[in-house]
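Trainee: Below is one structure. I have some questions about it.
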Protein chains: 2
Amino acid sequence: MAMKIQTRKEEIIAVASQLFKEKGYSAVSMRDIAQAMGIKAASLYNHITGKQEILSTLILEVAHEFTNGMREVLERQNSPLQKIQEIIELHIDITVNASEGLAALNNDWMHMEVSQVEAFVQMREDYEENFRKIIKEGIEVGEIQPRHPEVILFSILSTLRTLYLWYQKRGKLDVNVLKKDLVSVFLDGIVIKN
Amino acid sequence: MAMKIQTRKEEIIAVASQLFKEKGYSAVSMRDIAQAMGIKAASLYNHITGKQEILSTLILEVAHEFTNGMREVLERQNSPLQKIQEIIELHIDITVNASEGLAALNNDWMHMEVSQVEAFVQMREDYEENFRKIIKEGIEVGEIQPRHPEVILFSILSTLRTLYLWYQKRGKLDVNVLKKDLVSVFLDGIVIKN
DNA sequence: ACACAAAACTAACGTTTGTTAGTAAGGTTT
DNA sequence: AAACCTTACTAACAAACGTTAGTTTTGTGT
């Protein structure tokens, strides 16, 4: 369930995120956003300072959800395998609830202001480093197969990051089924052993 | 090893694909491309008919590599599991050899002409449908775990499609190690069974 | 009914966009 | 040396861009 829209600014960001998802940030004009809201472009500036603010608000909002989610996973101090399962579920939950911002986060982060790009890249690297440590720990304690950690990290993260492209297109796959199957694919693989 | 550049048109497309990868098609101007080549924007039009032609040439080139690769996989008539392994290797090979066009193919296909978008989407759907059939067949003959085929399809394909973002950033992972580990992650999973 | 703030409007600005026209420089063929 | 491509150039175009200024409409509280 999406959060109820309260302010006009949030409404603009919601409409814009939809358009960004379809065509990308650079291909969406302020006039496009305004038209989608039934107003004129100049009117947008009563609520926001500029186009870049729409983008960065949108991206940093979702980025913080990931950062907070990761912090909670680490705080619970479960086993590496359980942590990985929780991260998979975290991504699925965010995708289901905030899927609009994910396209911008994945594809348009480089169009924010320079200082914000730097902060974003740092956040993303920290996130990946946390994930990498969990995988390495799992290998060390013998829970995870001794594959190149980078390959495992990238396989899981790629899938989770592009989930938004896929969810809702394939008519309403149940969230819990998705969680179960996705965890199963990554943890157990797809092969049936004899 | 990238193919040696022969015509001036190919050179333009090579330079443009690099820029598209960094900022996206819409954020790259003809003047940007020209400057990267050390000439003026108007000079580009001696070799190409317009900006969209650069994009569609680039995208359709790579798309055909995938289509041809899939056809060869199907022709060899191996077992479903072997076919999946070959598809994974196909993507890795294309990523290593033609990584520049993959960003445009993934993110900017909607900026082609309408008729080309339609052709592209059809090609992509056919490709996915072929892959889906392989997975379903694998489940039927008992080679693959009875998970939702869509989840398996999407997991593998998401990873393969965004491989270009990772490869070469993570300093020169050996191609054969990558193939082996990636196949292993998807087929066998990451868990060590007792 | 009046005042005030929120949010819309029109009009315009300076840039940047993709692209075209016309032309000059260089190399190769005749 | 003349003719001819190829490929670059300058100059300019109309359209679209993000954004600002100033003004009018709309809704709410007094």
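Chain identifiers are assigned as A, B, and so on, following the order in which chains appear in the structure tokens; residues are numbered from 1 within each chain, and ligands are numbered from 1 in order of appearance.
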Please provide the set of residues having any atom within 12 Å of DG26 in chain C, restricted to only C-alpha atoms (C1' of nucleotides), with same-chain residues fewer than 4 positions apart removed, written as an MDAnalysis selection string.
Mentor: chainID D and resid 4:8
Trainee: Give as an MDAnalysis selection string every residue of chain A that touches chain B within 10 Å, counting only C-alpha atoms.
Mentor: chainID A and resid 22:28 81 107:111 135 138:139 142:152 154:163 165:167 170 173 177:194
Trainee: Set out as CSV a contact list for chain C and chain B with a cut-off of 9 Å, giving each residue of chain C that qualifies its closest atom pair and distance in Å to one decimal, counting only C-alpha atoms (C1' of nucleotides), ordered by chain and rising residue number.
Mentor:
```
residue,atom,partner,partner_atom,distance
C:DT17,C1',B:Ser29,CA,7.5
C:DG18,C1',B:Met30,CA,7.4
C:DT19,C1',B:Ala42,CA,8.0
C:DT20,C1',B:Ala42,CA,8.9
```
Trainee: I want to know what sits within 12 Å of DA12 in chain C, based on only C-alpha atoms (C1' of nucleotides), with residues of the same chain fewer than 4 positions away left out; could you give that as a ChimeraX atom specification?
Mentor: /A:42 /D:19-22
Trainee: Given a cut-off of 12 Å, which residues of chain B touch chain D, counting only C-alpha atoms (C1' of nucleotides), written out as a list in words?
Mentor: Thr7, Arg8, Lys9, Ala34, Gly38, Ile39, Lys40, Ala41, Ala42, Ser43, Leu44, Tyr45, Asn46 and His47 of chain B
Trainee: What is the distance between CA of Glu128 in chain B and CA of Ile87 in chain A, in Å to one decimal?
Mentor: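 Computing it gives 26.9 Å between the two atoms.
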Trainee: Could you name the residues that touch range 88-101 of chain B at 6 Å or less, counting only C-alpha atoms (C1' of nucleotides), but leaving out those on the same chain fewer than 4 positions away, as a PyMOL selection string?
Mentor: chain B and resi 2+17-18+58+164
